Structure formats: C-alpha cells, structure tokens
Amino acid sequence: MRDARIFDLHADVCKSLANPWRLRLIQALRRGERPVAELIGELGAPKANVSQHLAVLRAKGVVESRREGAHVYYRLADPRIIAALELMRRVLRTRLRRSGELARRLDGRAA
C-alpha cells in the first residue's frame, strides 16, 4: 500500500503533538522564530523541559533550529502546522459546545 508510509509519518507527527507543552511551544512559535530563552520565559517552564520538548518536535520535523553564537533559535518547519492545529481546535470547540448543550438538555429533563 503506497499510503502506508504517509499514515506512519502522520501518526508519528501526531504522537509528537500529543503533549500540551509541545502544543504551547508551537503556539509560541506561530509569531515566528524565537530564541529558547524567550520560549522558556513565555512558557514558565524549566529550561531542561523546554529543550526536551523542542528536541522531540525537531526530531519529528515540526520545528527547525539554528544557532547564532550562544543562542539557539527555533521556528516552525512549515506554517501550515498552525492551520492544522487551528482546524483541530475548531473541531474540539464544536465538540465542547455540543456536549455543553447536551448537558443542559439532560439537566432540563431531570428537573
């Protein structure tokens, strides 16, 4: 099956995104390239944690890095990653709205 490799890659990238801290990092990078120190400050997470999550994202091709002197800068490898994540957020917001409506309906029946 020709698509098998794409499914494998898709699952692999999705696994790398299945972490709230990594999603926060991607959100922080949506404005463009940022130094690690700035990301650490914005996320309020220890340097070791941020570096570890960035390494996972880099290994999966979600982010790219470059070194300038003592500083390492990260950027999204492809800006369409933001569009993909925004689409998923819209799906989740709809799901939450529907579940809220269902809960209100069920509460109304119980009364």
# chains A, B, ... in the order shown; residues from 1 in each chain; ligands from 1
>>> select_by_dssp(residues="segment 14-92 of chain A", states="strand (DSSP E)", output="VMD selection string")
chain A and resid 34 to 35 63 to 68 71 to 76
>>> residues_around(residues="Leu23 of chain A", least_positions_apart="4", cutoff="12 Å", atoms="only C-alpha atoms", output="JSON, numbers by chain")
{"A": [14, 15, 16, 17, 18, 19, 27, 28, 29, 30, 43, 50, 53, 54, 56, 57, 62, 63, 76, 81, 82, 84, 85, 86, 88, 89]}
>>> closest_residue(among="A:Arg58, A:Arg75, A:Arg93, A:Arg67", to="Leu39 of chain A", atoms="only C-alpha atoms")
A:Arg75
>>> select_by_dssp(residues="segment 43-103 of chain A", states="helix (DSSP H, G or I)", output="JSON, numbers by chain")
{"A": [43, 47, 48, 49, 50, 51, 52, 53, 54, 55, 56, 57, 58, 59, 80, 81, 82, 83, 84, 85, 86, 87, 88, 89, 90, 91, 92, 93, 94, 95, 96, 97, 98, 99, 100, 101, 102, 103]}
>>> write_last_selection(atoms="N, CA and C atoms", output="CSV table (one decimal), in the first residue's frame")
chain,number,residue,atom,x,y,z
A,43,LEU,N,6.7,30.4,28.5
A,43,LEU,CA,6.0,29.2,29.0
A,43,LEU,C,6.2,29.0,30.5
A,47,LYS,N,14.2,25.2,31.8
A,47,LYS,CA,15.0,25.1,30.5
A,47,LYS,C,15.1,23.6,30.0
A,48,ALA,N,15.4,22.7,30.9
A,48,ALA,CA,15.5,21.3,30.5
A,48,ALA,C,14.3,20.7,29.9
A,49,ASN,N,13.1,21.1,30.5
A,49,ASN,CA,11.8,20.6,29.9
A,49,ASN,C,11.6,21.2,28.5
A,50,VAL,N,11.8,22.5,28.4
A,50,VAL,CA,11.6,23.2,27.1
A,50,VAL,C,12.5,22.6,26.1
A,51,SER,N,13.8,22.4,26.4
A,51,SER,CA,14.7,21.8,25.5
A,51,SER,C,14.4,20.4,25.1
A,52,GLN,N,13.9,19.6,26.0
A,52,GLN,CA,13.5,18.2,25.7
A,52,GLN,C,12.3,18.2,24.7
A,53,HIS,N,11.3,19.1,25.0
A,53,HIS,CA,10.2,19.1,24.1
A,53,HIS,C,10.5,19.6,22.7
A,54,LEU,N,11.4,20.6,22.7
A,54,LEU,CA,11.8,21.1,21.4
A,54,LEU,C,12.6,20.1,20.6
A,55,ALA,N,13.4,19.3,21.3
A,55,ALA,CA,14.2,18.2,20.7
A,55,ALA,C,13.2,17.2,20.0
A,56,VAL,N,12.1,16.9,20.7
A,56,VAL,CA,11.1,15.9,20.1
A,56,VAL,C,10.5,16.5,18.9
A,57,LEU,N,10.1,17.8,19.0
A,57,LEU,CA,9.5,18.4,17.8
A,57,LEU,C,10.5,18.6,16.7
A,58,ARG,N,11.7,18.8,17.0
A,58,ARG,CA,12.7,18.9,15.9
A,58,ARG,C,13.0,17.6,15.3
A,59,ALA,N,13.0,16.5,16.1
A,59,ALA,CA,13.3,15.2,15.5
A,59,ALA,C,12.1,14.7,14.6
A,80,ARG,N,2.0,25.7,7.8
A,80,ARG,CA,0.7,25.0,7.7
A,80,ARG,C,0.4,24.2,9.0
A,81,ILE,N,1.4,24.0,9.8
A,81,ILE,CA,1.2,23.3,11.1
A,81,ILE,C,0.2,24.1,11.9
A,82,ILE,N,0.3,25.4,11.9
A,82,ILE,CA,-0.7,26.2,12.6
A,82,ILE,C,-2.1,26.0,12.1
A,83,ALA,N,-2.2,26.0,10.8
A,83,ALA,CA,-3.6,25.8,10.2
A,83,ALA,C,-4.1,24.5,10.6
A,84,ALA,N,-3.3,23.4,10.6
A,84,ALA,CA,-3.8,22.1,11.0
A,84,ALA,C,-4.2,22.1,12.5
A,85,LEU,N,-3.5,22.7,13.3
A,85,LEU,CA,-3.8,22.8,14.8
A,85,LEU,C,-5.1,23.6,15.0
A,86,GLU,N,-5.2,24.7,14.2
A,86,GLU,CA,-6.4,25.6,14.4
A,86,GLU,C,-7.6,24.8,13.9
A,87,LEU,N,-7.5,24.0,12.9
A,87,LEU,CA,-8.7,23.2,12.4
A,87,LEU,C,-9.1,22.2,13.6
A,88,MET,N,-8.1,21.6,14.2
A,88,MET,CA,-8.4,20.7,15.3
A,88,MET,C,-9.1,21.4,16.4
A,89,ARG,N,-8.6,22.6,16.7
A,89,ARG,CA,-9.2,23.4,17.8
A,89,ARG,C,-10.7,23.7,17.5
A,90,ARG,N,-10.9,24.0,16.3
A,90,ARG,CA,-12.3,24.3,15.9
A,90,ARG,C,-13.2,23.1,16.1
A,91,VAL,N,-12.7,21.9,15.7
A,91,VAL,CA,-13.4,20.7,15.9
A,91,VAL,C,-13.7,20.5,17.4
A,92,LEU,N,-12.7,20.7,18.2
A,92,LEU,CA,-12.8,20.5,19.7
A,92,LEU,C,-13.8,21.5,20.3
A,93,ARG,N,-13.7,22.8,19.8
A,93,ARG,CA,-14.7,23.8,20.4
A,93,ARG,C,-16.1,23.4,20.0
A,94,THR,N,-16.3,22.9,18.8
A,94,THR,CA,-17.7,22.4,18.4
A,94,THR,C,-18.1,21.3,19.3
A,95,ARG,N,-17.2,20.4,19.5
A,95,ARG,CA,-17.5,19.2,20.4
A,95,ARG,C,-17.8,19.6,21.8
A,96,LEU,N,-17.1,20.6,22.4
A,96,LEU,CA,-17.4,21.1,23.7
A,96,LEU,C,-18.7,21.8,23.8
A,97,ARG,N,-19.0,22.6,22.7
A,97,ARG,CA,-20.3,23.3,22.7
A,97,ARG,C,-21.4,22.3,22.6
A,98,ARG,N,-21.3,21.3,21.8
A,98,ARG,CA,-22.3,20.2,21.7
A,98,ARG,C,-22.5,19.5,23.0
A,99,SER,N,-21.4,19.2,23.7
A,99,SER,CA,-21.5,18.4,24.9
A,99,SER,C,-22.1,19.3,26.0
A,100,GLY,N,-21.9,20.6,25.9
A,100,GLY,CA,-22.5,21.5,26.9
A,100,GLY,C,-24.0,21.6,26.6
A,101,GLU,N,-24.4,21.7,25.4
A,101,GLU,CA,-25.8,21.7,25.0
A,101,GLU,C,-26.5,20.4,25.5
A,102,LEU,N,-25.8,19.3,25.3
A,102,LEU,CA,-26.4,18.0,25.7
A,102,LEU,C,-26.5,18.0,27.2
A,103,ALA,N,-25.5,18.5,28.0
A,103,ALA,CA,-25.6,18.5,29.4
A,103,ALA,C,-26.8,19.4,29.9
>>> closest_residue(among="A:Pro79, A:Pro46, A:Pro20, A:Pro35", to="Arg66 of chain A", atoms="only C-alpha atoms")
A:Pro35
>>> atom_distance(atom1="atom CA of Gly41 of chain A", atom2="atom CA of Leu25 of chain A")
11.4 Å
>>> closest_residue(among="A:Ile26, A:Val36, A:Arg105, A:Gly61", to="His10 of chain A", atoms="only C-alpha atoms")
A:Gly61
>>> closest_residue(among="A:Ile40, A:Asp107, A:Lys60, A:Arg24", to="Leu9 of chain A", atoms="only C-alpha atoms")
A:Lys60
>>> atom_distance(atom1="atom CA of Glu68 of chain A", atom2="atom CA of Glu33 of chain A")
12.4 Å
>>> decode(residues="segment 33-68 of chain A", atoms="N, CA and C atoms", output="compact mmCIF listing (two decimals), in the first residue's frame")
# COMPACT_ATOMS: atom_id res chain seq x y z
N GLU A 33 10.26 32.98 14.38
CA GLU A 33 11.44 32.43 15.05
C GLU A 33 11.67 33.09 16.41
N ARG A 34 12.01 32.25 17.38
CA ARG A 34 12.22 32.74 18.75
C ARG A 34 13.41 32.05 19.38
N PRO A 35 14.16 32.77 20.22
CA PRO A 35 15.25 32.12 20.95
C PRO A 35 14.69 31.26 22.09
N VAL A 36 15.43 30.24 22.45
CA VAL A 36 14.99 29.32 23.51
C VAL A 36 14.72 30.09 24.80
N ALA A 37 15.58 31.03 25.15
CA ALA A 37 15.40 31.77 26.41
C ALA A 37 14.04 32.48 26.43
N GLU A 38 13.63 33.02 25.31
CA GLU A 38 12.33 33.70 25.23
C GLU A 38 11.18 32.70 25.40
N LEU A 39 11.32 31.52 24.81
CA LEU A 39 10.29 30.49 24.94
C LEU A 39 10.19 30.02 26.39
N ILE A 40 11.33 29.87 27.05
CA ILE A 40 11.34 29.47 28.45
C ILE A 40 10.59 30.49 29.30
N GLY A 41 10.88 31.77 29.06
CA GLY A 41 10.21 32.83 29.81
C GLY A 41 8.72 32.86 29.57
N GLU A 42 8.32 32.71 28.33
CA GLU A 42 6.89 32.76 28.00
C GLU A 42 6.13 31.57 28.57
N LEU A 43 6.73 30.39 28.51
CA LEU A 43 6.04 29.20 29.00
C LEU A 43 6.16 29.03 30.51
N GLY A 44 7.17 29.64 31.10
CA GLY A 44 7.36 29.48 32.53
C GLY A 44 7.73 28.06 32.92
N ALA A 45 8.45 27.40 32.04
CA ALA A 45 8.87 26.02 32.29
C ALA A 45 10.39 25.97 32.42
N PRO A 46 10.90 24.97 33.11
CA PRO A 46 12.36 24.85 33.24
C PRO A 46 13.02 24.64 31.88
N LYS A 47 14.24 25.15 31.76
CA LYS A 47 14.99 25.07 30.51
C LYS A 47 15.10 23.63 30.02
N ALA A 48 15.38 22.70 30.93
CA ALA A 48 15.54 21.29 30.54
C ALA A 48 14.27 20.75 29.90
N ASN A 49 13.12 21.11 30.46
CA ASN A 49 11.84 20.63 29.90
C ASN A 49 11.59 21.21 28.52
N VAL A 50 11.80 22.51 28.39
CA VAL A 50 11.58 23.16 27.10
C VAL A 50 12.51 22.57 26.05
N SER A 51 13.77 22.40 26.41
CA SER A 51 14.75 21.83 25.48
C SER A 51 14.37 20.41 25.07
N GLN A 52 13.90 19.63 26.01
CA GLN A 52 13.50 18.25 25.71
C GLN A 52 12.32 18.23 24.73
N HIS A 53 11.32 19.07 24.97
CA HIS A 53 10.16 19.11 24.08
C HIS A 53 10.53 19.64 22.70
N LEU A 54 11.40 20.64 22.65
CA LEU A 54 11.85 21.15 21.36
C LEU A 54 12.63 20.08 20.60
N ALA A 55 13.39 19.28 21.30
CA ALA A 55 14.15 18.20 20.65
C ALA A 55 13.22 17.18 20.01
N VAL A 56 12.13 16.85 20.70
CA VAL A 56 11.14 15.91 20.14
C VAL A 56 10.52 16.52 18.88
N LEU A 57 10.11 17.77 18.97
CA LEU A 57 9.49 18.43 17.81
C LEU A 57 10.47 18.56 16.65
N ARG A 58 11.72 18.81 16.96
CA ARG A 58 12.74 18.91 15.90
C ARG A 58 12.97 17.55 15.25
N ALA A 59 13.04 16.50 16.05
CA ALA A 59 13.26 15.15 15.53
C ALA A 59 12.13 14.71 14.60
N LYS A 60 10.93 15.20 14.84
CA LYS A 60 9.78 14.83 14.01
C LYS A 60 9.55 15.81 12.86
N GLY A 61 10.41 16.82 12.74
CA GLY A 61 10.30 17.75 11.63
C GLY A 61 9.25 18.82 11.80
N VAL A 62 8.77 19.01 13.02
CA VAL A 62 7.76 20.04 13.27
C VAL A 62 8.42 21.41 13.41
N VAL A 63 9.59 21.46 14.03
CA VAL A 63 10.33 22.71 14.16
C VAL A 63 11.75 22.54 13.61
N GLU A 64 12.35 23.67 13.31
CA GLU A 64 13.74 23.70 12.87
C GLU A 64 14.48 24.65 13.78
N SER A 65 15.80 24.48 13.84
CA SER A 65 16.58 25.35 14.71
C SER A 65 17.81 25.86 13.99
N ARG A 66 18.35 26.93 14.54
CA ARG A 66 19.63 27.44 14.06
C ARG A 66 20.35 28.04 15.25
N ARG A 67 21.65 27.98 15.21
CA ARG A 67 22.47 28.52 16.29
C ARG A 67 23.12 29.80 15.81
N GLU A 68 23.09 30.79 16.70
CA GLU A 68 23.77 32.06 16.44
C GLU A 68 24.54 32.41 17.70
